[in-house]
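*Asks:* Below: one structure in structure tokens.
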Number of protein chains: 2
Amino acid sequence: MSVVLVGAGPGDPGLITVRGLEAVRSCEVLVYDRLVAQELVDEAPPWALRIGRERLSQEEISELLVRYGQAGLAVVRLKGGDPFVFGRGGEEAIALAEGGVPFEVVPGVSSLSAVPAAAGIPVTHRGVSAQVTVVAGHAPGALDYEQLAAAAGTLVVFMGLGGLDLLVDGLIAAGRDPETPAAVVENGTLPEQRVVTAPLAELAEAAIGLSPPALVVVGDVVAIAEAIHPEVEQVLARA
Amino acid sequence: MSVVLVGAGPGDPGLITVRGLEAVRSCEVLVYDRLVAQELVDEAPPWALRIGRERLSQEEISELLVRYGQAGLAVVRLKGGDPFVFGRGGEEAIALAEGGVPFEVVPGVSSLSAVPAAAGIPVTHRGVSAQVTVVAGHAPGALDYEQLAAAAGTLVVFMGLGGLDLLVDGLIAAGRDPETPAAVVENGTLPEQRVVTAPLAELAEAAIGLSPPALVVVGDVVAIAEAIHPEVEQVLARA
């Protein structure tokens, strides 16, 4: 397989898959995202070409993958989380297919459940939540709050910290209970993880001082964290 | 750490995490789900006690984990997918916390994105879907179809094959376009994977002959599979 799109997982380098790590260890070219752990970049062979994607546009990355792939090199595209959950893996996959480059997708552990889990929050829980809605919150003005406020169960928002006040206002104005338990998890699964929980109405204020990467979780499952993970409370006290 | 709740991933044994596999390889007691790959069960040390969960109730499993955990044994609870995405990991975690047993959660690759990915379907895709709604479909009469039909983006249904006709009828009656691209993926990520795609209105008929485990995907992202994975069409032709 010439190009492998690999999900690196939510942050902790131990959460890459066995298959994904094997691909990294045998690659000739590694193109990696900013949030991928340095430990995983270091797993590539010493002679492998390493390309951080910071100064590259999505189009340039796709071109690069196609060019090295067509040259027959073993290319790994290492992406945070899962390539197909807000990872733009589909765009790269289409570019590769159009370029006639054989490729494979190795899924990764998505932040969508792993980051809440690291804060003691199960996104589903019997009798509490049997539905998860996942959205990107980088453009909070573009969200359909009527629909999101009506969604049952747990709401998980990627990239929601920057516009958190708008997100919260939108949900409450559309009818979501201001008392709904909610959380922001910064640097989830990493040693420097920080968790803030608050009723939805107070979440933006509680989260002042946190920075991306962060995941927002809204729903009654947040309250379960106290039963699962008593340390969460202590993390809050320290924060 | 006395008890570790480990997500085994969606089926393919190579999709367990590095951390999860390490836990299995060093356990003394392995309690595993029916759908976990035999290859992973075989990774436990030869002297480890292996307990398949078939004839155990959820309560009995939780009791078992607490009992062996309190005895100080290294216990791994290996679950399909991710422990906290329809995995009932929260219930086991609460039982362990209440029993005073130290535990850890190692998240897994959830079927929710990995199984569609194995069929060439990205659950999110720029310009097509920026939202994923995940529900369990084992009781299709209990679902809120108004809300699900109104949800933007991609709908992923776990355990939806048994009541697929009711699910489809419910979505269409509530206003979801009968022409919406849809798919059922049986045994996703495994060599025996089968994929069926059809417009939503014809999905139940198209899926006759498929058996659980299967994941249902509804949304325009299903149509992207043709661009990403031309083989999907051929799989269909063979099915």
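Here's how to read the names in the structure tokens: chain A, B, ... by the order shown, residue numbers from 1 in each chain, ligand numbers from 1 in the order shown.
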Could you pull out the strand (DSSP E) residues of region 76-197 of chain B from DSSP and send them as an MDAnalysis selection string?

*Replies:* chainID B and resid 76:79 103:106 131:136 154:158 181:186 194:197

*Asks:* Tell me which protein, DNA and RNA residues are within 9 Å of Asp33 (chain B), counting only C-alpha atoms, leaving out same-chain ones fewer than 5 positions away, and put them as a list in words.

*Replies:*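 Final neighbour list, sorted by chain and number: Ile51, Gly52, Arg53, Glu54, Arg77, Leu78, Lys79 and Gly80 of chain B.
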
*Asks:* Please, which residues of chain A lie no more than 7 Å from chain B when the count uses only C-alpha atoms, and can they be set out as a PyMOL selection string?

*Replies:* chain A and resi 14-19+84-86+88+90+93-94+97+107-110+113-114+122-126+130-136+147+150-151+227-228

*Asks:* Using only N, CA, C and O atoms, please write the residues we just selected to a file, as a short mmCIF file (atom, residue, chain, number, x, y, z; two decimals), in the first residue's frame.

*Replies:*
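again_27.cif was written with the following content:
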data_model
loop_
_atom_site.label_atom_id
_atom_site.label_comp_id
_atom_site.auth_asym_id
_atom_site.auth_seq_id
_atom_site.Cartn_x
_atom_site.Cartn_y
_atom_site.Cartn_z
N GLY A 14 0.07 6.57 23.33
CA GLY A 14 -0.28 5.17 23.52
C GLY A 14 -1.62 4.80 22.93
O GLY A 14 -1.98 3.63 22.87
N LEU A 15 -2.36 5.81 22.47
CA LEU A 15 -3.69 5.54 21.94
C LEU A 15 -3.72 5.45 20.42
O LEU A 15 -4.79 5.42 19.81
N ILE A 16 -2.56 5.40 19.78
CA ILE A 16 -2.54 5.04 18.36
C ILE A 16 -2.84 3.54 18.26
O ILE A 16 -2.61 2.79 19.21
N THR A 17 -3.36 3.11 17.11
CA THR A 17 -3.62 1.67 16.95
C THR A 17 -2.32 0.93 16.64
O THR A 17 -1.34 1.52 16.18
N VAL A 18 -2.35 -0.38 16.89
CA VAL A 18 -1.20 -1.23 16.57
C VAL A 18 -0.88 -1.14 15.07
O VAL A 18 0.28 -0.97 14.68
N ARG A 19 -1.90 -1.20 14.23
CA ARG A 19 -1.71 -1.11 12.79
C ARG A 19 -1.13 0.25 12.39
O ARG A 19 -0.25 0.34 11.53
N PHE A 84 -11.48 10.58 9.59
CA PHE A 84 -12.78 10.87 9.00
C PHE A 84 -13.74 11.55 9.97
O PHE A 84 -14.93 11.68 9.66
N VAL A 85 -13.26 11.96 11.13
CA VAL A 85 -14.11 12.72 12.05
C VAL A 85 -13.48 14.11 12.16
O VAL A 85 -12.55 14.33 12.92
N PHE A 86 -13.97 15.03 11.36
CA PHE A 86 -13.41 16.38 11.27
C PHE A 86 -11.92 16.34 10.98
O PHE A 86 -11.17 17.18 11.46
N ARG A 88 -10.68 15.79 7.66
CA ARG A 88 -10.49 16.08 6.24
C ARG A 88 -9.79 14.93 5.50
O ARG A 88 -9.21 15.13 4.43
N GLY A 90 -11.28 12.56 4.01
CA GLY A 90 -12.02 12.28 2.79
C GLY A 90 -11.46 13.04 1.61
O GLY A 90 -11.37 12.51 0.49
N ALA A 93 -8.29 11.35 0.60
CA ALA A 93 -8.60 10.06 -0.02
C ALA A 93 -9.07 10.26 -1.46
O ALA A 93 -8.67 9.52 -2.37
N ILE A 94 -9.90 11.26 -1.69
CA ILE A 94 -10.39 11.51 -3.05
C ILE A 94 -9.24 11.94 -3.96
O ILE A 94 -9.13 11.48 -5.11
N ALA A 97 -7.33 8.82 -4.82
CA ALA A 97 -8.07 7.98 -5.77
C ALA A 97 -8.00 8.59 -7.17
O ALA A 97 -7.75 7.88 -8.16
N PRO A 107 -8.19 3.74 10.80
CA PRO A 107 -8.93 4.67 11.66
C PRO A 107 -8.21 4.87 12.98
O PRO A 107 -7.34 4.08 13.37
N GLY A 108 -8.58 5.93 13.67
CA GLY A 108 -7.98 6.22 14.96
C GLY A 108 -9.04 6.41 16.03
O GLY A 108 -10.22 6.51 15.74
N VAL A 109 -8.58 6.42 17.27
CA VAL A 109 -9.47 6.73 18.38
C VAL A 109 -9.84 8.20 18.27
O VAL A 109 -8.97 9.07 18.30
N SER A 110 -11.12 8.48 18.11
CA SER A 110 -11.54 9.88 17.99
C SER A 110 -11.64 10.53 19.36
O SER A 110 -12.05 9.90 20.34
N SER A 113 -15.18 10.49 21.84
CA SER A 113 -15.51 9.73 23.05
C SER A 113 -14.32 9.61 23.98
O SER A 113 -14.48 9.52 25.20
N ALA A 114 -13.09 9.62 23.44
CA ALA A 114 -11.91 9.39 24.27
C ALA A 114 -11.61 10.57 25.19
O ALA A 114 -11.17 10.38 26.32
N PRO A 122 -18.80 9.20 30.22
CA PRO A 122 -19.18 8.31 29.12
C PRO A 122 -20.18 9.03 28.22
O PRO A 122 -21.18 9.53 28.71
N VAL A 123 -19.93 9.10 26.91
CA VAL A 123 -20.87 9.86 26.07
C VAL A 123 -22.23 9.18 25.95
O VAL A 123 -23.23 9.83 25.68
N THR A 124 -22.26 7.85 26.13
CA THR A 124 -23.55 7.17 26.29
C THR A 124 -23.57 6.50 27.65
O THR A 124 -22.52 6.09 28.16
N HIS A 125 -24.76 6.37 28.22
CA HIS A 125 -24.89 5.68 29.51
C HIS A 125 -26.33 5.25 29.67
O HIS A 125 -27.25 6.06 29.49
N ARG A 126 -26.52 3.99 30.05
CA ARG A 126 -27.86 3.43 30.11
C ARG A 126 -28.76 4.26 31.02
O ARG A 126 -28.40 4.57 32.15
N ALA A 130 -28.67 7.83 25.17
CA ALA A 130 -28.57 6.80 24.14
C ALA A 130 -28.37 7.44 22.77
O ALA A 130 -28.67 6.86 21.74
N GLN A 131 -27.87 8.69 22.79
CA GLN A 131 -27.63 9.39 21.52
C GLN A 131 -26.47 10.37 21.71
O GLN A 131 -26.34 11.01 22.76
N VAL A 132 -25.65 10.47 20.68
CA VAL A 132 -24.55 11.43 20.70
C VAL A 132 -24.63 12.26 19.42
O VAL A 132 -24.74 11.69 18.33
N THR A 133 -24.59 13.57 19.57
CA THR A 133 -24.55 14.46 18.41
C THR A 133 -23.20 15.16 18.42
O THR A 133 -22.79 15.72 19.44
N VAL A 134 -22.51 15.09 17.29
CA VAL A 134 -21.15 15.63 17.19
C VAL A 134 -21.14 16.71 16.13
O VAL A 134 -21.56 16.48 14.99
N VAL A 135 -20.69 17.91 16.50
CA VAL A 135 -20.58 19.01 15.54
C VAL A 135 -19.25 19.72 15.72
O VAL A 135 -18.58 19.57 16.73
N ALA A 136 -18.91 20.51 14.71
CA ALA A 136 -17.75 21.40 14.81
C ALA A 136 -18.27 22.79 15.17
O ALA A 136 -19.27 23.25 14.62
N GLN A 147 -32.23 22.74 16.13
CA GLN A 147 -32.03 21.32 15.92
C GLN A 147 -31.10 20.75 16.99
O GLN A 147 -31.37 19.67 17.56
N ALA A 150 -32.73 20.49 20.39
CA ALA A 150 -33.76 19.44 20.46
C ALA A 150 -33.18 18.04 20.46
O ALA A 150 -33.87 17.08 20.76
N ALA A 151 -31.89 17.93 20.11
CA ALA A 151 -31.28 16.60 20.02
C ALA A 151 -31.23 15.96 21.40
O ALA A 151 -30.82 16.57 22.38
N ALA A 227 -19.42 10.15 39.78
CA ALA A 227 -19.49 8.78 40.27
C ALA A 227 -18.34 7.93 39.74
O ALA A 227 -17.86 7.02 40.39
N ILE A 228 -17.90 8.24 38.52
CA ILE A 228 -16.87 7.41 37.89
C ILE A 228 -15.49 7.84 38.33
O ILE A 228 -14.60 7.02 38.53
#

*Asks:* Could you pull the residues within 12 Å of region 203-209 of chain A, counting only C-alpha atoms, minus those fewer than 6 positions along the same chain, as a PyMOL selection string?

*Replies:* chain A and resi 160-169+171-172+178-186+194-197+215-218+236-237+239

*Asks:* Take the residues just selected and output them with C-alpha atoms as a CSV table (one decimal), in the first residue's frame.

*Replies:*
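Result file is out-v4.csv:
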chain,number,residue,atom,x,y,z
A,160,GLY,CA,-16.0,25.0,20.3
A,161,LEU,CA,-13.9,26.8,22.8
A,162,GLY,CA,-13.3,30.0,20.8
A,163,GLY,CA,-16.9,30.8,20.3
A,164,LEU,CA,-18.2,29.1,23.5
A,165,ASP,CA,-20.2,32.1,24.7
A,166,LEU,CA,-22.1,32.1,21.4
A,167,LEU,CA,-22.6,28.4,21.4
A,168,VAL,CA,-24.0,28.4,24.9
A,169,ASP,CA,-26.3,31.4,24.2
A,171,LEU,CA,-28.4,26.5,22.8
A,172,ILE,CA,-30.1,28.2,25.7
A,178,PRO,CA,-29.5,26.3,31.3
A,179,GLU,CA,-28.9,23.8,34.1
A,180,THR,CA,-27.7,21.0,31.8
A,181,PRO,CA,-24.4,19.7,33.1
A,182,ALA,CA,-21.6,20.7,30.7
A,183,ALA,CA,-17.8,20.4,30.5
A,184,VAL,CA,-14.8,21.6,28.6
A,185,VAL,CA,-11.8,19.3,28.4
A,186,GLU,CA,-8.5,20.9,27.4
A,194,ARG,CA,-7.6,20.2,32.5
A,195,VAL,CA,-11.4,19.8,33.0
A,196,VAL,CA,-14.0,22.4,33.8
A,197,THR,CA,-17.6,21.4,34.6
A,215,LEU,CA,-13.7,19.6,23.5
A,216,VAL,CA,-17.1,20.8,24.8
A,217,VAL,CA,-19.5,18.2,26.2
A,218,VAL,CA,-23.1,19.1,27.0
A,236,LEU,CA,-11.4,21.5,39.1
A,237,ALA,CA,-10.3,22.6,42.6
A,239,ALA,CA,-7.7,24.6,38.0

*Asks:* From a backbone DSSP assignment, name each residue in region 49-232 of chain B labelled helix (DSSP H, G or I), as a ChimeraX atom specification.

*Replies:* /B:58-70,89-98,111-118,140-142,145-150,164-173,200-206,220-228,231-232

*Asks:* Write out as a PyMOL selection string each polymer residue whose atoms come within 9 Å of Ala23 (chain A), counting only C-alpha atoms; drop sequence neighbours fewer than 4 positions from it.

*Replies:* chain A and resi 4+6+18-19+27+44+74-76

*Asks:* Which residue gives the smallest distance to Leu190 (chain A) among A:Ala142, A:Ala223, A:Val3, A:Ala37, with only C-alpha atoms counted?

*Replies:*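 Among the listed residues, A:Ala37 lies closest to Leu190 (chain A).
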
*Asks:* Would you mind reading off the distance between CA of Glu39 (chain B) and CA of Pro212 (chain B), one decimal, in Å?

*Replies:* 20.3 Å
